[in-house]
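Enquirer: If you scroll down you'll find the structure; I have some questions about it.
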Amino acid sequence: MPRPVKKISKKAGLPPETLVHIGERKAEKVKITIIDYDEVRFEERVVKEVRECFPYKEKQTVTWINVDGLHDPEVLEAIGTCFEIHPLVLEDIADTEQRPKMEDLERYIFVVMKMLQYDETWKEIDTEQVSLILGPNFVISFQEKEGDVFDHIRDRIRTGKGRIRKMGADYLAYALTDAIVDNYFVILDKIGQEIDRLEVELVTNPAPDTLPAIHVFKGEMIFLRKSVWPLREVVSSLERTESLLVKDTTGIYLRDVYDHTIQVIDTIESYRDIASGMLETYLSGLSYRMNEIMKVLTIIATIFIPLTFVASLYGMNFRFMPELSWRWGYLTVLGLMAVMAIGLGVYFKRKRWL
Amino acid sequence: MPRPVKKISKKAGLPPETLVHIGERKAEKVKITIIDYDEVRFEERVVKEVRECFPYKEKQTVTWINVDGLHDPEVLEAIGTCFEIHPLVLEDIADTEQRPKMEDLERYIFVVMKMLQYDETWKEIDTEQVSLILGPNFVISFQEKEGDVFDHIRDRIRTGKGRIRKMGADYLAYALTDAIVDNYFVILDKIGQEIDRLEVELVTNPAPDTLPAIHVFKGEMIFLRKSVWPLREVVSSLERTESLLVKDTTGIYLRDVYDHTIQVIDTIESYRDIASGMLETYLSGLSYRMNEIMKVLTIIATIFIPLTFVASLYGMNFRFMPELSWRWGYLTVLGLMAVMAIGLGVYFKRKRWL
Amino acid sequence: MPRPVKKISKKAGLPPETLVHIGERKAEKVKITIIDYDEVRFEERVVKEVRECFPYKEKQTVTWINVDGLHDPEVLEAIGTCFEIHPLVLEDIADTEQRPKMEDLERYIFVVMKMLQYDETWKEIDTEQVSLILGPNFVISFQEKEGDVFDHIRDRIRTGKGRIRKMGADYLAYALTDAIVDNYFVILDKIGQEIDRLEVELVTNPAPDTLPAIHVFKGEMIFLRKSVWPLREVVSSLERTESLLVKDTTGIYLRDVYDHTIQVIDTIESYRDIASGMLETYLSGLSYRMNEIMKVLTIIATIFIPLTFVASLYGMNFRFMPELSWRWGYLTVLGLMAVMAIGLGVYFKRKRWL
Amino acid sequence: MPRPVKKISKKAGLPPETLVHIGERKAEKVKITIIDYDEVRFEERVVKEVRECFPYKEKQTVTWINVDGLHDPEVLEAIGTCFEIHPLVLEDIADTEQRPKMEDLERYIFVVMKMLQYDETWKEIDTEQVSLILGPNFVISFQEKEGDVFDHIRDRIRTGKGRIRKMGADYLAYALTDAIVDNYFVILDKIGQEIDRLEVELVTNPAPDTLPAIHVFKGEMIFLRKSVWPLREVVSSLERTESLLVKDTTGIYLRDVYDHTIQVIDTIESYRDIASGMLETYLSGLSYRMNEIMKVLTIIATIFIPLTFVASLYGMNFRFMPELSWRWGYLTVLGLMAVMAIGLGVYFKRKRWL
Amino acid sequence: MPRPVKKISKKAGLPPETLVHIGERKAEKVKITIIDYDEVRFEERVVKEVRECFPYKEKQTVTWINVDGLHDPEVLEAIGTCFEIHPLVLEDIADTEQRPKMEDLERYIFVVMKMLQYDETWKEIDTEQVSLILGPNFVISFQEKEGDVFDHIRDRIRTGKGRIRKMGADYLAYALTDAIVDNYFVILDKIGQEIDRLEVELVTNPAPDTLPAIHVFKGEMIFLRKSVWPLREVVSSLERTESLLVKDTTGIYLRDVYDHTIQVIDTIESYRDIASGMLETYLSGLSYRMNEIMKVLTIIATIFIPLTFVASLYGMNFRFMPELSWRWGYLTVLGLMAVMAIGLGVYFKRKRWL
């Protein structure tokens, strides 16, 4: 589970609106890609200079500008100046410790989301902040590094599959949001497999590292919840916004995303319950095994300690111990011991300890 | 307890509105039945081709089209085109991992519910998604497979018992909802019997598998709650809807279903409390038995360890041990041992350990 | 604690509005009593035929019709037809698993409440459903069996004590509600005494059946809460209703009942906290006693096991053990043992184990 | 912690509006004091007869009538009749089990509060109900017994210190409320000292009676919370009331009391958290000490049991045991034992048990 | 964790509006500094007499009066009189146990906040109350002692960096609030490092003082939460206020502070979850280690107690024990013992205890 607030204090004391990249530097250099399309034409290019983006601002076609890498304040500032983005919004984009949120700033809508990816090698959830600026005919998306869950959307735009080429910038923003939310299901799937593994391990072979594994899993649920819960509000605000930037026809699609978000939250809650149940099972399993261990000890001790006492009794070296010279003394004692052992066995049987 | 989100990730990356059946394929082939009635006439038929349904759209009689099996996108699309159902709604119908919900889409109302059935052989709750489309004079119900809780309603329509033949499509939709909710009571009944069995087992013979059984039971409650809790909102929205599709006279019936839903939720909450209580009883039972086990061990050890010490003392082979040659040495030691044992017995009696 | 939903599934599959008595059959035959009064006159009679009630509907005097026994659908239906009660309301009256609720049906107000009685022999809370129909000048009360908490009200009507004879039907309905709520205090009193007994038992002699007793007590609190919590809403709705059936002057009385209901809920919550505290005390008492038991075992074992070792050392039969033939060997060993025992005693003293 | 609902059931069955004193009888006889003042004059007297109060009703000066003792229904009724107080309000005044509340009855405002006092001898919180009737130019306060927290206010009125003599009856009511709330801080101070004592005891010497002490403390917090939480609403209603009896200028003072109430609630919540933490510390302390005890036992047993076995091995009396006649047999065995003991010591050292 | 309500009871009984400094006296003498600026000019001075502040009230430039030290009622009163501050507000400023709050008093806005500082030597969070009075063109800040988190703001005013010199008094108030909130991140950073240390300690070497450390950490979270949670409301009220003192352009900056506050609260909640997880890990670690300890004891005891019994059996001194004189008796017994030991070893292996 990523620890929150690692480097956020780095900005304390600076004037607000200062563009400081907060978070790990994940990309080597900033990469800007432009996809520009309408129903009939389509253009895709990687730009070298920020100012190549500027002409697209006024174009009537839908333009999707994707920025990978947030560590270069100059790039952000250049884009901000051209597209008239408020300095505080730029600051939020550069600060990757933001909470998912949606802000309607009249000329554009600003959305912050968390894109999750499952790191197969470390069995860890990897989080990346995605910010969207939705303008009248453009969407600017900011990511921390290259590689995202939007390839299917790029394919659909390129091939003209589905209705995306016929719709406006708000549909594109919806599609990006939908891709991020759908990806949560993939993450939950992986976690579900991990749960299955843990549950089997818990029953067959609870090792000392089962407990930390459960805690890591529980921590992931808390972390996921923190990413998804505010997203619910984001999508709900987008759906209910009165901004002209979101057309009425997109409303039903946003409601669909909203339903998915609720479903993700539901699943996370279920997983938390499962984690709590596993914790209880682990702890009561410890208690149960303790009882079993103590039963074994008690049975052995209770049978043999009295027998040993009897044996050592006749190991005493008193001169006058009449039993010692009896003909059947030894056998009598052995018989007595057998009776004691059997009696105790019956007693434990009755107590259901055997 | 069915694990949520098993196959939902299968759709991630596809364009929205793609008709993909999500969930287990439960039916072999899609089966469509039509029941068409008004106060005087009644018709029931199984259709072979989807297009046989289309004429019923305009008929003034009440038509109930029931579709068993959701895995064939073509059938769904054909019905969707004829009855003008939004592609996203069709997508929701095909996706059996939906949360119960109600959507008012003006020309029709869309309701998703969960029908539960108790699998006697596996002692498991079996869930099936039922979607309803309520139009001005038709109800289309979509189920995952054949077999449902609506046979009583079919009988009432056939025989004309009750008021169902005199009422419109909204009453039919109410009757279907009511049948699903009433069936929850049957499920709760079965669970109630299982609880009785568990409670007896817990007291008389708590085995290691009692705990998993309690957890399974608790998990079922969480699962049931997730199915029923949103249903509360569904029924409440239906009752309070301003849609003309639901007549005022149906309102009081819906309020009745609402009351039943609340009652189901109340019972589920009670059962959860009972499950928590059983868990506490189990755990404190373990602690109590541990105390009992330790008492036995401690009593035995505390009585016999000192006695054995005394015995081995006089088993030492020192040449000069005057007691060994005393005439009454042996009996004195035996007496001393008896005194020690009785003394400890009295001590344990006082401590209420015996 | 009565288990909920015992027989409610018996109705699943029947058409709504079917009058099926749900619950235990508590009365042998239906008994109907009528009390009719105004400021000057008073009449009380037990009716033989249902239709004897019908003339009272139009009378300007206040009429209280009390029905004991709900298992005869014909009686309910006859009353329903005469007083124009909706079939669904009659169904709710017959179904004794209802949740307390209040419904304003314009021509009359329908109230469901739970009357509790403490069964002295079984130390159990006994619940009985009481439904009220408040019309313009009549109150019809339905009970499961004879015997209730309304005798004081009957006395007041008979003798004309208090203001009841001067007020209308709404005041009578208030008085019945008040009697039911006041009776909860009697129940809480009994439970309070049971708590005192349990708390003493917990400290002086925690037996294995103390824990189930605490759980029963906690279960009773959950059960009581379920009966009283919705009553809060019922009384609050009655007070805030805009129905002309409840006069403004009755409002202050209903606010008084509301305050009492809050007080009952407060007390129940306190009792739940007490129950949780008792559970914690019980469990930590177990742990504390376990520590005590283990201390005794450890002290005994730690002192005597090394001593026994030394003794058995000199019980070995080696031919060449010089100590054995020493003159003071035996006494030296005894002295050594005494030193060991005293040393361990001091050690335990320092560890505060003794 | 005072148990709630001790004698409240005593009233069940009586007609409402019956004046029955509920609660402990704390005062010997009813004592009525009148303080009458305006900016220029001041009068203070103890009245013998209730009717001496009546002339003050119409006086334009501010009159504070204080009644100590609630067990005499005649006195309450006389005051009620003169000042036109509703019988149900009088009933609430006499019933000392009331929840703090504020009721606006147009001609006067009725406030119920709980005055707390810390009983130094019993280390207990003592609760007393204070009811206020705020009329246009009078305040009537009802207390269970003599002795209160209002002496400072009396002094200020007598000496004319502060602004109290310049303000109206609503300011007087505010001052009384403020005195009661300020007194809660004194109580919390005492409890804070008790907490300090308990925390030290918990660490240095956790005795079996530490746990009950923590529970008593937790119970006090629950009890305090029940007294203060509704007070929040009372003060908030007073502040936001539209009644002409509370002047706008008093609003800011009431907001100040409100802030103090919130502060009291905050502190109580903190104390509850502290109590829960102490409970956890106590329980995990028990577990920790258990581990320590078991370690000692295990170390001793694990070292000496095998040694004793070896010793008793050579204590056997077989005729043919070659070792017994070896020249260095005894020393070899002693050496072997030393090696075993040291080996186990190293093992425990590695396991960090030593 | 600072204990709340240490000295607050000192004021109980005094008339309201009495200026009593509540809290620790942290400053030696009151120090007043004035910073006065507009876009072109800037003045900074330490005043000797309170009345030097008065001329700044009417000046059109923005004036920031900072007061360090609250123990001198005369200074507060002088400022209060000059700037027309309500006596109750002055009382709140002097009382350092206030809860963060915002009050709009028309002519000025009053804000109370908590400034936190991490005491490196004591590893403790140090809290200091900061009150702001925001007037039309002045901000008065009251602190308990010298030293704050505002140095960056002073620098920015002096050097004219950022936009602060161009904005009004409301921007200054925002900047002060922002500085306080940003400082919380620094505190959380320190706590995060402490968590890392604790988590490592918990796994590698859980000492008896790990538990108190976790509790201290949990207590700090509760304490922080109490400081920050009401701040959320304060900032939100400032943002939504209709007061003309806060200009619309400042709104977006306040929303930014609001986001940061939410982020702080989120982090605190995460830390609380981590603390709870550590507690669970600690406790279940204790249980796990107990099981390990008991296993060792049980294995040793179960193997050696029966062996010792056999040995002591043949240590008996009966005259007629045929085995003793057998040629291979000794070796047979040794073999028997080896078989027993190996058998038990296999048994424990199967039970996974070894």
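Going through the structure tokens in order, the chains are called A, B, and so on, while each chain numbers its residues from 1 and the ligands are numbered from 1 in the order shown.
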If we count only C-alpha atoms and set the cut-off at 12 Å, which residues sit around E:Val246, ignoring sequence neighbours fewer than 4 positions away in its own chain? Please answer as JSON, numbers by chain.
Expert: {"E": [104, 106, 107, 108, 109, 134, 135, 136, 137, 167, 168, 169, 170, 171, 172, 173, 174, 235, 237, 238, 239, 240, 241, 242, 250, 251, 252, 253, 254]}
Enquirer: Among the residues of stretch 45-231 of chain B, find those DSSP assigns to strand (DSSP E or B) from the backbone and print them as JSON, numbers by chain.
Expert: {"B": [45, 46, 47, 62, 63, 64, 65, 66, 67, 68, 95, 101, 102, 103, 104, 109, 110, 111, 112, 113, 114, 115, 116, 117, 118, 119, 124, 125, 126, 127, 128, 129, 130, 131, 132, 133, 134, 138, 139, 140, 141, 142, 143]}
Enquirer: Please check the contacts: residues of chain A at most 6 Å away from chain B, using only C-alpha atoms, listed as a ChimeraX atom specification.
Expert: /A:152,182,185-186,291,298,309,312-313,315-319
Enquirer: Work out how far apart atom CA of D:Ile214 and atom CA of D:Ser276 are and give it in Å to one decimal.
Expert: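 The value is 8.7 Å.
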Enquirer: Can you list, as a list in words, every protein, DNA or RNA residue that comes within 10 Å of A:Arg41 when you count only C-alpha atoms, leaving out same-chain residues fewer than 3 positions away?
Expert: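 The contact residues come out as Asp36, Tyr37, Asp38, Thr61, Arg158, Gly160 and Arg165 of chain A.
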Enquirer: Using N, CA, C and O atoms, can you export the residues from the last selection as a PDB file, in the first residue's frame?
Expert:
ATOM      1  N   ASP A  36      -6.711  14.332 -33.213  1.00  0.00           N
ATOM      2  CA  ASP A  36      -7.707  15.321 -33.642  1.00  0.00           C
ATOM      3  C   ASP A  36      -8.638  14.639 -34.628  1.00  0.00           C
ATOM      4  O   ASP A  36      -8.176  14.005 -35.586  1.00  0.00           O
ATOM      5  N   TYR A  37      -9.944  14.751 -34.383  1.00  0.00           N
ATOM      6  CA  TYR A  37     -10.860  14.015 -35.264  1.00  0.00           C
ATOM      7  C   TYR A  37     -12.231  14.660 -35.318  1.00  0.00           C
ATOM      8  O   TYR A  37     -12.624  15.421 -34.434  1.00  0.00           O
ATOM      9  N   ASP A  38     -12.921  14.394 -36.422  1.00  0.00           N
ATOM     10  CA  ASP A  38     -14.371  14.567 -36.438  1.00  0.00           C
ATOM     11  C   ASP A  38     -14.913  13.374 -37.209  1.00  0.00           C
ATOM     12  O   ASP A  38     -14.199  12.389 -37.389  1.00  0.00           O
ATOM     13  N   THR A  61     -12.964  20.752 -34.772  1.00  0.00           N
ATOM     14  CA  THR A  61     -12.887  19.303 -34.563  1.00  0.00           C
ATOM     15  C   THR A  61     -12.588  19.009 -33.088  1.00  0.00           C
ATOM     16  O   THR A  61     -12.159  19.889 -32.350  1.00  0.00           O
ATOM     17  N   ARG A 158      -9.258   5.684 -34.096  1.00  0.00           N
ATOM     18  CA  ARG A 158      -8.551   5.432 -35.363  1.00  0.00           C
ATOM     19  C   ARG A 158      -9.453   4.711 -36.355  1.00  0.00           C
ATOM     20  O   ARG A 158      -9.564   5.115 -37.506  1.00  0.00           O
ATOM     21  N   GLY A 160     -12.725   4.267 -36.172  1.00  0.00           N
ATOM     22  CA  GLY A 160     -14.083   4.790 -36.309  1.00  0.00           C
ATOM     23  C   GLY A 160     -15.137   3.826 -35.805  1.00  0.00           C
ATOM     24  O   GLY A 160     -16.318   3.968 -36.095  1.00  0.00           O
ATOM     25  N   ARG A 165     -16.533   8.739 -32.844  1.00  0.00           N
ATOM     26  CA  ARG A 165     -16.175   9.758 -33.841  1.00  0.00           C
ATOM     27  C   ARG A 165     -17.337  10.702 -34.127  1.00  0.00           C
ATOM     28  O   ARG A 165     -17.141  11.805 -34.622  1.00  0.00           O
TER      29      ARG A 165
END
Enquirer: If you run DSSP on the backbone, which residues of stretch 160-260 of chain A are alpha helix (DSSP H), as an MDAnalysis selection string?
Expert: chainID A and resid 169:204 210:240 251:260
Enquirer: I'd like the interatomic distance between atom CA of C:Thr159 and atom CA of C:Asp256, to a tenth of an Å.
Expert: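 Taking atom CA of C:Thr159 and atom CA of C:Asp256, their separation equals 24.1 Å.
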